[in-house]
Structures are given as structure tokens and as C-alpha cells.
>>> print(open('protein18.cif').read())   # mmCIF, C-alpha atoms
data_my_file
#
loop_
_atom_site.label_atom_id
_atom_site.label_comp_id
_atom_site.auth_asym_id
_atom_site.auth_seq_id
_atom_site.Cartn_x
_atom_site.Cartn_y
_atom_site.Cartn_z
CA MET A 1 119.64 122.62 101.36
CA ARG A 2 117.24 120.27 103.12
CA PHE A 3 116.95 116.49 102.69
CA VAL A 4 113.67 114.93 103.81
CA PHE A 5 113.69 111.12 104.13
CA ASN A 6 110.46 109.26 104.86
CA CYS A 7 112.35 107.04 107.33
CA VAL A 8 114.08 109.80 109.30
CA GLU A 9 111.90 111.96 111.50
CA THR A 10 114.27 114.92 111.45
CA ALA A 11 114.95 116.78 108.21
CA ILE A 12 118.65 116.89 107.35
CA ASP A 13 119.65 120.52 106.81
CA VAL A 14 122.99 120.99 105.07
CA GLU A 15 124.57 124.41 105.52
CA ALA A 16 127.59 125.84 103.77
CA GLY A 17 130.80 125.20 105.68
CA VAL A 18 129.19 122.78 108.16
CA PRO A 19 129.92 119.05 107.62
CA ARG A 20 126.60 117.21 108.06
CA VAL A 21 126.56 113.51 108.97
CA LEU A 22 123.67 111.03 108.82
CA GLU A 23 124.49 107.72 110.53
CA VAL A 24 122.09 104.86 109.82
CA GLU A 25 123.10 101.76 111.77
CA ASN A 26 120.38 99.50 110.35
CA ARG A 27 121.94 97.88 107.25
CA ARG A 28 118.77 97.55 105.20
CA LEU A 29 117.72 101.11 105.92
CA TYR A 30 121.21 102.44 105.17
CA CYS A 31 121.15 100.62 101.84
CA ARG A 32 117.75 102.12 101.05
CA VAL A 33 118.94 105.62 101.92
CA CYS A 34 122.05 105.29 99.73
CA ARG A 35 120.09 103.86 96.80
CA ALA A 36 117.56 106.65 97.03
CA MET A 37 120.33 109.27 97.01
CA ALA A 38 122.06 107.62 94.06
CA ARG A 39 118.77 107.58 92.11
CA LEU A 40 117.68 111.13 92.80
CA GLY A 41 115.53 112.37 89.96
CA GLU A 42 114.28 108.94 88.92
CA ASP A 43 110.57 108.16 89.05
CA GLY A 44 109.44 106.96 92.44
CA GLU A 45 112.49 108.02 94.43
CA ARG A 46 110.82 111.23 95.54
CA ASP A 47 108.53 109.02 97.62
CA TYR A 48 111.60 108.24 99.73
CA VAL A 49 113.74 111.38 99.69
CA ASN A 50 113.08 114.97 98.68
CA VAL A 51 115.65 117.73 98.33
CA TRP A 52 114.55 121.29 99.05
CA ASP A 53 116.27 124.59 98.38
CA GLY A 54 114.41 127.01 100.61
CA ASP A 55 110.68 126.58 99.98
CA GLU A 56 111.13 124.95 96.57
CA ARG A 57 112.48 121.66 95.30
CA ALA A 58 116.13 121.93 94.35
CA PRO A 59 116.57 122.57 90.58
CA ALA A 60 118.73 120.22 88.50
CA GLU A 61 121.73 122.56 88.47
CA ARG A 62 121.75 122.56 92.29
CA SER A 63 121.05 118.86 92.72
CA PRO A 64 123.40 116.88 95.00
CA LEU A 65 126.55 115.36 93.56
CA VAL A 66 126.55 111.85 95.02
CA VAL A 67 129.92 110.11 95.50
CA GLY A 68 129.00 106.46 96.02
CA ASN A 69 132.63 105.34 96.00
CA PRO A 70 134.91 107.87 97.73
CA LEU A 71 137.94 106.19 96.12
CA ALA A 72 136.58 107.13 92.67
CA LEU A 73 136.13 110.88 93.00
CA PRO A 74 134.02 112.39 90.15
CA TRP A 75 136.61 114.76 88.71
CA GLU A 76 135.03 114.69 85.24
CA GLU A 77 131.49 115.52 86.38
CA LYS A 78 130.14 118.23 84.08
CA ARG A 79 129.57 120.65 86.97
CA LEU A 80 133.25 120.30 87.91
CA GLY A 81 135.71 119.23 85.21
CA GLY A 82 133.25 120.33 82.53
CA ARG A 83 133.47 123.92 83.78
CA LEU A 84 137.26 124.21 83.93
CA PRO A 85 137.79 125.87 80.49
CA ALA A 86 135.01 128.39 81.10
CA VAL A 87 136.31 129.23 84.58
CA MET A 88 139.85 129.78 83.29
CA GLU A 89 138.53 131.95 80.46
CA SER A 90 136.62 134.10 82.96
CA PHE A 91 139.86 134.69 84.88
CA LEU A 92 141.54 135.70 81.62
CA LEU A 93 138.80 138.18 80.72
CA GLU A 94 139.00 139.79 84.15
CA ASP A 95 142.73 140.54 83.79
CA GLU A 96 143.44 142.82 80.82
CA GLU A 97 147.23 142.49 81.14
CA LEU A 98 147.04 138.70 81.16
CA ARG A 99 144.61 138.67 78.22
CA GLN A 100 146.96 140.80 76.11
CA GLU A 101 149.89 138.57 77.03
CA ILE A 102 147.98 135.49 75.88
CA GLU A 103 147.01 137.19 72.59
CA VAL A 104 150.65 138.15 71.92
CA ALA A 105 151.74 134.55 72.57
CA GLY A 106 149.04 133.23 70.20
CA ALA A 107 150.07 135.65 67.45
CA ARG A 108 153.72 134.64 67.84
CA LEU A 109 152.81 130.97 67.47
CA ARG A 110 150.89 131.72 64.27
CA ARG A 111 153.90 133.57 62.82
CA VAL A 112 156.19 130.61 63.57
CA ILE A 113 153.85 128.24 61.75
CA ASP A 114 153.48 130.68 58.83
CA ARG A 115 157.30 130.70 58.45
CA ALA A 116 157.32 126.93 58.28
CA SER A 117 154.61 126.94 55.59
CA PHE A 118 156.87 128.91 53.22
CA GLN A 119 158.64 125.61 52.47
CA ILE A 120 155.55 124.18 50.71
CA GLU A 121 153.88 125.32 47.47
CA GLY A 122 150.22 125.64 48.48
CA GLU A 123 148.49 128.39 50.40
CA TYR A 124 147.57 127.58 53.99
CA ARG A 125 145.75 129.42 56.72
CA PHE A 126 144.08 129.04 60.10
CA ASP A 127 140.31 128.64 59.75
CA LEU A 128 139.62 129.09 63.46
CA GLU A 129 140.46 131.96 65.76
CA TRP A 130 142.61 131.07 68.75
CA ASP A 131 140.70 130.88 72.03
CA LEU A 132 141.63 129.76 75.52
CA PRO A 133 139.05 126.95 76.05
CA ARG A 134 140.09 125.26 72.78
CA PHE A 135 143.76 125.59 73.73
CA LEU A 136 143.16 124.08 77.19
CA LYS A 137 141.33 121.11 75.69
CA ALA A 138 144.01 120.56 73.04
CA TYR A 139 146.71 120.36 75.68
CA ALA A 140 144.58 118.39 78.16
CA PHE A 141 144.72 121.06 80.85
CA SER A 142 143.26 119.53 84.01
CA VAL A 143 143.42 119.54 87.79
CA ASP A 144 146.28 117.75 89.54
CA ARG A 145 144.41 114.90 91.22
CA SER A 146 147.26 113.92 93.57
CA GLU A 147 146.31 110.26 93.00
CA HIS A 148 149.82 108.89 93.54
CA GLY A 149 150.13 110.17 97.07
CA ALA A 150 148.06 109.61 100.22
CA TYR A 151 144.29 109.48 99.76
CA ILE A 152 143.82 112.55 101.95
CA GLU A 153 145.86 114.60 99.46
CA SER A 154 143.58 113.57 96.60
CA LEU A 155 140.45 114.26 98.63
CA ILE A 156 141.65 117.71 99.68
CA SER A 157 142.54 118.46 96.06
CA PHE A 158 139.01 117.43 95.05
CA LEU A 159 137.44 119.77 97.62
CA ASP A 160 139.68 122.60 96.42
CA PHE A 161 138.64 121.82 92.85
CA ALA A 162 134.93 121.89 93.72
CA SER A 163 135.41 125.30 95.32
CA ASP A 164 137.41 126.65 92.35
CA MET A 165 134.64 125.54 89.96
CA GLY A 166 132.05 127.38 92.03
CA PHE A 167 130.05 124.24 92.84
CA LYS A 168 126.90 125.32 94.72
CA GLY A 169 125.19 121.97 95.22
CA VAL A 170 125.71 119.43 98.00
CA LEU A 171 128.54 116.89 97.89
CA VAL A 172 127.18 113.62 99.29
CA PHE A 173 129.79 111.02 100.31
CA MET A 174 128.86 107.45 101.19
CA GLY A 175 131.10 105.80 103.78
CA LEU A 176 133.84 108.42 103.58
CA LYS A 177 134.90 107.94 107.20
CA ASN A 178 136.07 104.40 106.38
CA PHE A 179 139.06 105.89 104.58
CA LEU A 180 140.11 108.62 107.01
CA GLY A 181 141.83 108.73 110.37
CA GLU A 182 140.82 111.23 113.02
CA ASN A 183 143.40 113.86 112.08
CA GLU A 184 142.60 113.44 108.39
CA LEU A 185 138.88 113.84 109.03
CA ASN A 186 139.57 117.02 110.99
CA GLU A 187 141.61 118.30 108.04
CA VAL A 188 138.74 117.55 105.66
CA TYR A 189 136.25 119.30 107.94
CA GLU A 190 138.47 122.36 108.13
CA ARG A 191 138.66 122.43 104.33
CA ILE A 192 134.88 122.23 104.05
CA PHE A 193 134.62 125.13 106.49
CA PHE A 194 137.31 127.17 104.71
CA HIS A 195 135.68 126.77 101.28
CA ASP A 196 132.12 127.14 102.60
CA LEU A 197 131.12 123.88 100.87
CA LYS A 198 127.88 122.00 101.46
CA VAL A 199 128.75 118.39 102.37
CA LEU A 200 126.67 115.47 103.64
CA LEU A 201 128.27 112.22 104.85
CA LEU A 202 126.16 109.04 104.86
CA GLU A 203 127.65 106.54 107.31
CA ARG A 204 126.47 103.09 108.40
CA GLU A 205 128.38 102.89 111.69
CA HIS A 206 127.85 105.12 114.70
CA ASP A 207 130.98 107.19 115.41
CA LEU A 208 131.32 107.92 119.12
CA ARG A 209 133.94 110.57 118.45
CA SER A 210 132.97 114.24 118.60
CA PHE A 211 134.26 116.74 116.04
CA GLU A 212 134.00 120.49 116.43
CA ARG A 213 132.71 121.24 112.93
CA GLU A 214 130.39 118.24 112.60
CA VAL A 215 126.60 118.15 112.99
CA LYS A 216 125.30 114.60 113.30
CA THR A 217 122.02 112.68 113.18
CA TYR A 218 122.13 109.05 114.36
CA VAL A 219 119.51 106.40 113.57
CA ASN A 220 120.17 103.22 115.61
CA LEU A 221 119.30 99.57 114.86
CA GLN A 222 115.77 100.06 116.25
CA LEU A 223 115.34 103.07 113.89
CA LEU A 224 115.32 105.49 116.79
CA GLU A 225 117.04 108.85 116.36
CA GLU A 226 119.59 110.30 118.73
#
>>> encode(input="protein18.cif", output="C-alpha cells")
Amino acid sequence: MRFVFNCVETAIDVEAGVPRVLEVENRRLYCRVCRAMARLGEDGERDYVNVWDGDERAPAERSPLVVGNPLALPWEEKRLGGRLPAVMESFLLEDEELRQEIEVAGARLRRVIDRASFQIEGEYRFDLEWDLPRFLKAYAFSVDRSEHGAYIESLISFLDFASDMGFKGVLVFMGLKNFLGENELNEVYERIFFHDLKVLLLEREHDLRSFEREVKTYVNLQLLEE
């Protein structure tokens, strides 16, 4: 995936498994870059940033998922949380033994309820067939967000979740480094590499540290690239 900004001479290529960082030290320019990313798809914003997938503009289903506030991770985004029931159902359909076990459990539950209905005079029945996605929604099946522990635990869980849901777009984090120490950032980078995720970090401050997995573009106060 390639990001082309009209203020950055070098195109920002984001590859799977390689954490990509764009540091923009000029405050006004950084603000403009972040606003453009947050408004991708709106009229006029393509004059400032374009996203390419190969030789074509990235389609909507592969558009970046922009995390403007890293402390409010988008668990419920339709390309993540919205896919959970379908992903779980696909696992069920792939495993015949597991599918049969689920069907037996569903039939047993129906029989228990039928026995209870003998105590009332009317006739009662189930109008809907049992299915896994409906069951998961009824019992609020969801990812463990690890929100009561350290932030790094929640962030790692989010990256795992994105991988499990087969997310193929780019995760764009604004100011993520503000919330991570050096060891934590290394852990995040290793997770990105392990899951082969596409991740772009937008940072306002220049980080003098060097990380093995990281590829960085730096735009200084005079708007010169390094």
C-alpha cells in the first residue's frame, strides 16, 4: 500500500510485517497530515493524500483504518468486530466434528425447553433455526480487550484481533509512541512482523532511537526530509 502526500517528497510504502513510521516535526503540517488521513474518502482530501494499492487507488474494503486516539482502539469497527460471527462460523464449517458437536448441543437445548413447555396449555415452537452467528450475538461473544491491565496488553490483543479477523488494510496510528516504552514498542513491532500486518505510525516528534523492524521517514521543522 502506498501513501502519497503532496507535502512529502517520498511516497510512503507500507509493507506487510514492516512497521512504517512518518515523523512530521512541523506542528501545522503534522496536523494537516493527520486531518487528511482521518478524512480519507471525503471530497477534496485526495488533493492532499492518495492511497494506492499497486497501480490502482485502494478500494473501500482495503482503505486504511485510522486510529486517531490510540487509547480508544476501534474494536467495534465493522471490518473487525463486525466480522467476528462470520469468522467463527467459518471455523465451525471447516471442522465437521465440531459442527456436529454444536448441532447436538443445540438439539439438546431445544429438548430441554420443550419439556418445560409441557407445563402450559398452548402449543409453542421455535420459528428460527439455530445458527452460530445468532447464538454468538445473543450471548455477546466478543474479544477479550484486556482493558483492565497494562496498555501494552490491550494493544497486543487488538493486533491479534486484527490478524484473526483477516484485516488486509493498513492500520494507521497517530501518536502511538507517546504511550509505549522502548521494550513495549519492540514487542509491538515483533507482533506486527509475526502477524504480517500493515501498520503506519504518524508521529510529531523525531525519535532518535533505532529499531530493527522499523522503516522511518522524517520531515523536520524546515520541511526537509531525512
>>> resolve_selection(input="protein18.cif", expression="the PyMOL selection byres ((chain A and resi 3-6) around 7)", output="VMD selection string")
chain A and resid 1 to 2 7 to 8 11 to 13 48 to 52
>>> resolve_selection(input="protein18.cif", expression="the PyMOL selection byres ((chain A and resi 144) around 12)", output="PyMOL selection string")
chain A and resi 75+81+140-143+145-149+153-158+160-161
>>> residues_around(input="protein18.cif", residues="Ile152 (chain A)", least_positions_apart="5", cutoff="12 Å", atoms="all atoms listed in the file", output="number ranges by chain")
A: 70-71, 73, 145-147, 157-159, 176-177, 179-189, 191
>>> residues_around(input="protein18.cif", residues="Val215 (chain A)", least_positions_apart="4", cutoff="8 Å", atoms="only C-alpha atoms", output="PyMOL selection string")
chain A and resi 18-21
>>> write_last_selection(input="protein18.cif", atoms="C-alpha atoms", output="mmCIF file, in the coordinates of the input")
data_model
loop_
_atom_site.group_PDB
_atom_site.id
_atom_site.type_symbol
_atom_site.label_atom_id
_atom_site.label_comp_id
_atom_site.auth_asym_id
_atom_site.auth_seq_id
_atom_site.Cartn_x
_atom_site.Cartn_y
_atom_site.Cartn_z
ATOM 1 C CA VAL A 18 129.190 122.780 108.160
ATOM 2 C CA PRO A 19 129.920 119.050 107.620
ATOM 3 C CA ARG A 20 126.600 117.210 108.060
ATOM 4 C CA VAL A 21 126.560 113.510 108.970
#
>>> closest_residue(input="protein18.cif", among="A:Asn26, A:Ser163, A:Ser90, A:Ser117", to="Ile192 (chain A)", atoms="all atoms listed in the file")
A:Ser163
>>> closest_residue(input="protein18.cif", among="A:Glu205, A:Phe194, A:Ala105, A:Gly175", to="Cys34 (chain A)", atoms="all atoms listed in the file")
A:Gly175
>>> closest_residue(input="protein18.cif", among="A:Val199, A:Met37, A:Leu132, A:Val66", to="Val87 (chain A)", atoms="all atoms listed in the file")
A:Leu132
>>> closest_residue(input="protein18.cif", among="A:Glu214, A:Leu98, A:Glu129, A:Asn220", to="Arg110 (chain A)", atoms="all atoms listed in the file")
A:Glu129
>>> closest_residue(input="protein18.cif", among="A:Leu208, A:Ala86, A:Ala162, A:Val170", to="Ser63 (chain A)", atoms="all atoms listed in the file")
A:Val170
>>> residues_around(input="protein18.cif", residues="Gly17 (chain A)", least_positions_apart="2", cutoff="6 Å", atoms="only C-alpha atoms", output="MDAnalysis selection string")
chainID A and resid 192:193 196:197
>>> atom_distance(input="protein18.cif", atom1="CA of Arg115 (chain A)", atom2="CA of Ala138 (chain A)")
22.2 Å
>>> atom_distance(input="protein18.cif", atom1="CA of Thr10 (chain A)", atom2="CA of Tyr218 (chain A)")
10.2 Å
>>> atom_distance(input="protein18.cif", atom1="CA of Asp207 (chain A)", atom2="CA of Arg35 (chain A)")
21.8 Å
>>> residues_around(input="protein18.cif", residues="Pro133 (chain A)", least_positions_apart="6", cutoff="9 Å", atoms="only C-alpha atoms", output="ChimeraX atom specification")
/A:84-86,88-89
>>> closest_residue(input="protein18.cif", among="A:Val24, A:Met174, A:Ala38, A:Cys31", to="Lys216 (chain A)", atoms="only C-alpha atoms")
A:Val24
